[in-house]
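> Attaching a single structure in structure tokens format; questions to follow.
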Amino acid sequence: MTELASPKPRLILPALGGLYSTLHEGAETLLRLAAGGLLATHGYGKILDPFGASGMVESLGFYPGTFWSPLLSATEFFGGILIAIGLFTRPAAFAGMIVLAVTVYFHGIVAGEGLMGAEKSILWTLILFFFAVRGANSHSVDAKLGRQF
């Protein structure tokens, strides 16, 4: 079966084509830097007290909390740094995506907040899903090393 290639959509304002192609990779890099930096910032308090979330993770059914709490802390803090610099981007983003998917469950179901309570976690999960699938671009440590996971 042959696959028909769909033509590239034409721009309503063709004069903006150069701007879009110039900013394309920079916008993706900015999103990766922001996502990784904010994830690391969010995990900073947890990494200072890696066992502090033990009770919370056990309340979600993750036993023992003394195992899952430091893993959560490291995933957010170190994973965020890795995503921001673009090193092991896919596995770091995948791990962060799993953590954020659990927060979707927590806010949406356990805490009974529904969509309105889970919407931020859903957005975060999808951003990290994007980088888990896409990886980093040419503005990353992965690219400088010439290898991606």
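Naming scheme: A, B, ... for chains in displayed order of the structure tokens; residues 1 onward per chain; ligands 1 onward as shown.
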Would you pick out the contacts of Phe62 of chain A at 12 Å or less, using only C-alpha atoms, so that residues sharing its chain but fewer than 6 positions from it are not included, and give the list as number ranges by chain?
A: 53-56, 68-69, 71-72, 99, 102
> Name all residues at most 6 Å from Ala84 of chain A (count only C-alpha atoms; drop same-chain ones fewer than 6 positions away) and give them as a PyMOL selection string.
chain A and resi 32-33+36-37
> Nearest to Gln148 of chain A: which of A:Thr89, A:Thr41, A:Thr75, A:Thr22 is it, counting only C-alpha atoms?
A:Thr89
> Find the residues near Thr29 of chain A: any atom within 10 Å, counting only C-alpha atoms, skip ones fewer than 2 places away on the same chain, and give them as a compact mmCIF listing (two decimals) with N, CA, C and O atoms, in the first residue's frame.

```
# COMPACT_ATOMS: atom_id res chain seq x y z
N LEU A 23 12.82 30.20 14.75
CA LEU A 23 12.50 30.01 16.17
C LEU A 23 12.10 28.59 16.53
O LEU A 23 11.98 28.27 17.71
N HIS A 24 11.91 27.73 15.53
CA HIS A 24 11.41 26.38 15.76
C HIS A 24 12.21 25.62 16.82
O HIS A 24 11.68 25.18 17.84
N GLU A 25 13.49 25.46 16.60
CA GLU A 25 14.30 24.68 17.53
C GLU A 25 14.54 25.43 18.84
O GLU A 25 14.62 24.82 19.90
N GLY A 26 14.64 26.74 18.76
CA GLY A 26 14.83 27.53 19.98
C GLY A 26 13.63 27.44 20.91
O GLY A 26 13.79 27.38 22.14
N ALA A 27 12.44 27.42 20.35
CA ALA A 27 11.22 27.30 21.17
C ALA A 27 11.19 25.95 21.88
O ALA A 27 10.84 25.85 23.06
N LEU A 31 11.32 25.28 25.95
CA LEU A 31 10.36 24.44 26.66
C LEU A 31 11.09 23.38 27.48
O LEU A 31 10.73 23.12 28.63
N ARG A 32 12.12 22.76 26.92
CA ARG A 32 12.89 21.73 27.65
C ARG A 32 13.60 22.34 28.85
O ARG A 32 13.59 21.77 29.94
N LEU A 33 14.22 23.51 28.67
CA LEU A 33 14.91 24.18 29.77
C LEU A 33 13.92 24.54 30.89
O LEU A 33 14.21 24.34 32.07
N ALA A 34 12.77 25.08 30.50
CA ALA A 34 11.77 25.47 31.50
C ALA A 34 11.22 24.25 32.23
O ALA A 34 11.12 24.23 33.46
N ALA A 35 10.87 23.21 31.48
CA ALA A 35 10.31 22.00 32.10
C ALA A 35 11.32 21.37 33.05
O ALA A 35 11.00 21.03 34.18
N ALA A 84 16.79 19.47 31.64
CA ALA A 84 17.17 20.86 31.32
C ALA A 84 18.45 20.91 30.48
O ALA A 84 18.51 21.65 29.50
N ILE A 85 19.44 20.11 30.83
CA ILE A 85 20.69 20.16 30.07
C ILE A 85 20.65 19.26 28.84
O ILE A 85 21.52 19.35 27.98
N GLY A 86 19.65 18.40 28.77
CA GLY A 86 19.51 17.53 27.61
C GLY A 86 20.45 16.34 27.63
O GLY A 86 21.02 15.97 26.62
N ALA A 136 16.02 15.12 23.07
CA ALA A 136 16.52 16.50 23.03
C ALA A 136 16.87 16.85 21.58
O ALA A 136 17.03 15.98 20.74
N ASN A 137 17.02 18.13 21.31
CA ASN A 137 17.39 18.55 19.97
C ASN A 137 18.88 18.88 19.91
O ASN A 137 19.65 18.45 20.78
N SER A 138 19.29 19.64 18.93
CA SER A 138 20.73 19.89 18.75
C SER A 138 21.31 20.80 19.82
O SER A 138 22.53 20.89 19.94
N HIS A 139 20.47 21.43 20.62
CA HIS A 139 20.95 22.27 21.72
C HIS A 139 20.90 21.47 23.02
O HIS A 139 20.15 21.80 23.94
N SER A 140 21.70 20.43 23.11
CA SER A 140 21.67 19.55 24.27
C SER A 140 23.02 18.86 24.44
O SER A 140 23.82 18.79 23.50
```
> Measuring between only C-alpha atoms, which one of A:Leu100, A:Arg10, A:Ala95, A:Tyr63 shows the shortest distance to His42 of chain A?
A:Leu100
> Calculated over only C-alpha atoms, which of the candidates A:Ala74, A:Leu39, A:Ala132, A:Ala118 has the smallest distance to Phe94 of chain A?
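Looking only at the distances to Phe94 of chain A, the closest residue turns out to be A:Ala132.
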> Of the candidates A:Gly79, A:Ser73, A:Phe88, A:Ile47, which one gets nearest to Leu145 of chain A if we count only C-alpha atoms?
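That would be A:Phe88, the residue with the smallest distance to Leu145 of chain A.
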> Residues within 6 Å of Ala40 of chain A, please, as a VMD selection string. Count only C-alpha atoms; anything in the same chain fewer than 4 positions from it doesn't count.
chain A and resid 44 76 to 77 80 to 81
> Quick one: everything within 8 Å of segment 126-130 of chain A, counting only C-alpha atoms, minus sequence neighbours fewer than 2 positions away in the same chain. Send it as a list of chain:residue names.
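Everything that qualifies: A:Ala35, A:Ala93, A:Phe94, A:Gly96, A:Met97, A:Ile122, A:Leu123, A:Trp124, A:Ala132, A:Val133, A:Arg134, A:Gly135.
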> Mind writing the picked residues with all heavy atoms as an mmCIF file, in the first residue's frame?

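Done, and the output landed in part.cif:
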```cif
data_model
loop_
_atom_site.group_PDB
_atom_site.id
_atom_site.type_symbol
_atom_site.label_atom_id
_atom_site.label_comp_id
_atom_site.auth_asym_id
_atom_site.auth_seq_id
_atom_site.Cartn_x
_atom_site.Cartn_y
_atom_site.Cartn_z
ATOM 1 N N ALA A 35 10.872 23.210 31.478
ATOM 2 C CA ALA A 35 10.313 22.004 32.097
ATOM 3 C C ALA A 35 11.325 21.368 33.048
ATOM 4 O O ALA A 35 10.996 21.027 34.185
ATOM 5 C CB ALA A 35 9.877 21.006 31.033
ATOM 6 N N ALA A 93 12.870 12.071 31.143
ATOM 7 C CA ALA A 93 11.518 12.560 30.895
ATOM 8 C C ALA A 93 10.491 11.454 31.126
ATOM 9 O O ALA A 93 9.405 11.705 31.655
ATOM 10 C CB ALA A 93 11.398 13.111 29.481
ATOM 11 N N PHE A 94 10.823 10.224 30.744
ATOM 12 C CA PHE A 94 9.900 9.103 30.960
ATOM 13 C C PHE A 94 9.669 8.887 32.458
ATOM 14 O O PHE A 94 8.523 8.726 32.892
ATOM 15 C CB PHE A 94 10.441 7.820 30.317
ATOM 16 C CG PHE A 94 9.516 6.652 30.478
ATOM 17 C CD1 PHE A 94 8.390 6.536 29.681
ATOM 18 C CD2 PHE A 94 9.762 5.690 31.431
ATOM 19 C CE1 PHE A 94 7.514 5.467 29.836
ATOM 20 C CE2 PHE A 94 8.900 4.606 31.600
ATOM 21 C CZ PHE A 94 7.772 4.498 30.802
ATOM 22 N N GLY A 96 10.047 11.092 34.891
ATOM 23 C CA GLY A 96 9.262 12.221 35.372
ATOM 24 C C GLY A 96 7.809 12.125 34.946
ATOM 25 O O GLY A 96 6.898 12.481 35.695
ATOM 26 N N MET A 97 7.580 11.630 33.740
ATOM 27 C CA MET A 97 6.221 11.466 33.225
ATOM 28 C C MET A 97 5.436 10.486 34.103
ATOM 29 O O MET A 97 4.256 10.719 34.390
ATOM 30 C CB MET A 97 6.280 10.959 31.780
ATOM 31 C CG MET A 97 4.937 10.761 31.130
ATOM 32 S SD MET A 97 5.082 9.962 29.525
ATOM 33 C CE MET A 97 5.459 8.273 29.999
ATOM 34 N N ILE A 122 -1.786 17.023 34.348
ATOM 35 C CA ILE A 122 -1.996 16.485 33.001
ATOM 36 C C ILE A 122 -1.087 17.208 32.015
ATOM 37 O O ILE A 122 -0.430 16.588 31.178
ATOM 38 C CB ILE A 122 -3.481 16.595 32.584
ATOM 39 C CG1 ILE A 122 -4.350 15.669 33.436
ATOM 40 C CG2 ILE A 122 -3.654 16.308 31.100
ATOM 41 C CD1 ILE A 122 -5.846 15.917 33.307
ATOM 42 N N LEU A 123 -1.043 18.526 32.123
ATOM 43 C CA LEU A 123 -0.178 19.313 31.237
ATOM 44 C C LEU A 123 1.281 18.929 31.419
ATOM 45 O O LEU A 123 2.008 18.713 30.439
ATOM 46 C CB LEU A 123 -0.392 20.808 31.489
ATOM 47 C CG LEU A 123 0.407 21.753 30.606
ATOM 48 C CD1 LEU A 123 0.094 21.530 29.137
ATOM 49 C CD2 LEU A 123 0.118 23.197 31.001
ATOM 50 N N TRP A 124 1.731 18.816 32.663
ATOM 51 C CA TRP A 124 3.114 18.404 32.935
ATOM 52 C C TRP A 124 3.398 17.014 32.371
ATOM 53 O O TRP A 124 4.460 16.771 31.792
ATOM 54 C CB TRP A 124 3.378 18.401 34.446
ATOM 55 C CG TRP A 124 3.886 19.698 34.942
ATOM 56 C CD1 TRP A 124 3.190 20.660 35.607
ATOM 57 C CD2 TRP A 124 5.220 20.189 34.813
ATOM 58 N NE1 TRP A 124 4.022 21.716 35.895
ATOM 59 C CE2 TRP A 124 5.265 21.450 35.420
ATOM 60 C CE3 TRP A 124 6.382 19.671 34.236
ATOM 61 C CZ2 TRP A 124 6.422 22.211 35.468
ATOM 62 C CZ3 TRP A 124 7.529 20.435 34.288
ATOM 63 C CH2 TRP A 124 7.550 21.689 34.901
ATOM 64 N N ALA A 132 9.985 12.561 26.269
ATOM 65 C CA ALA A 132 10.282 11.127 26.331
ATOM 66 C C ALA A 132 10.262 10.524 24.925
ATOM 67 O O ALA A 132 11.067 9.653 24.597
ATOM 68 C CB ALA A 132 9.284 10.409 27.234
ATOM 69 N N VAL A 133 9.370 11.011 24.086
ATOM 70 C CA VAL A 133 9.273 10.518 22.714
ATOM 71 C C VAL A 133 10.284 11.224 21.810
ATOM 72 O O VAL A 133 10.989 10.590 21.033
ATOM 73 C CB VAL A 133 7.839 10.720 22.167
ATOM 74 C CG1 VAL A 133 7.765 10.423 20.685
ATOM 75 C CG2 VAL A 133 6.859 9.855 22.938
ATOM 76 N N ARG A 134 10.371 12.513 21.910
ATOM 77 C CA ARG A 134 11.177 13.335 21.000
ATOM 78 C C ARG A 134 12.657 13.329 21.350
ATOM 79 O O ARG A 134 13.505 13.419 20.491
ATOM 80 C CB ARG A 134 10.634 14.772 21.032
ATOM 81 C CG ARG A 134 11.421 15.793 20.280
ATOM 82 C CD ARG A 134 11.116 15.723 18.802
ATOM 83 N NE ARG A 134 11.633 16.863 18.096
ATOM 84 C CZ ARG A 134 12.866 16.951 17.604
ATOM 85 N NH1 ARG A 134 13.711 15.964 17.760
ATOM 86 N NH2 ARG A 134 13.250 18.026 16.948
ATOM 87 N N GLY A 135 12.976 13.260 22.632
ATOM 88 C CA GLY A 135 14.368 13.408 23.041
ATOM 89 C C GLY A 135 14.750 14.875 22.982
ATOM 90 O O GLY A 135 13.911 15.759 22.877
#
```
> Go through A:Pro70, A:Pro64, A:Gly114, A:Pro9 one by one, measure the shortest atom-to-atom distance of each to Phe51 of chain A using only C-alpha atoms, and give the residue with the smallest value.
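Answer, going by the shortest atom-to-atom distance: A:Pro70.
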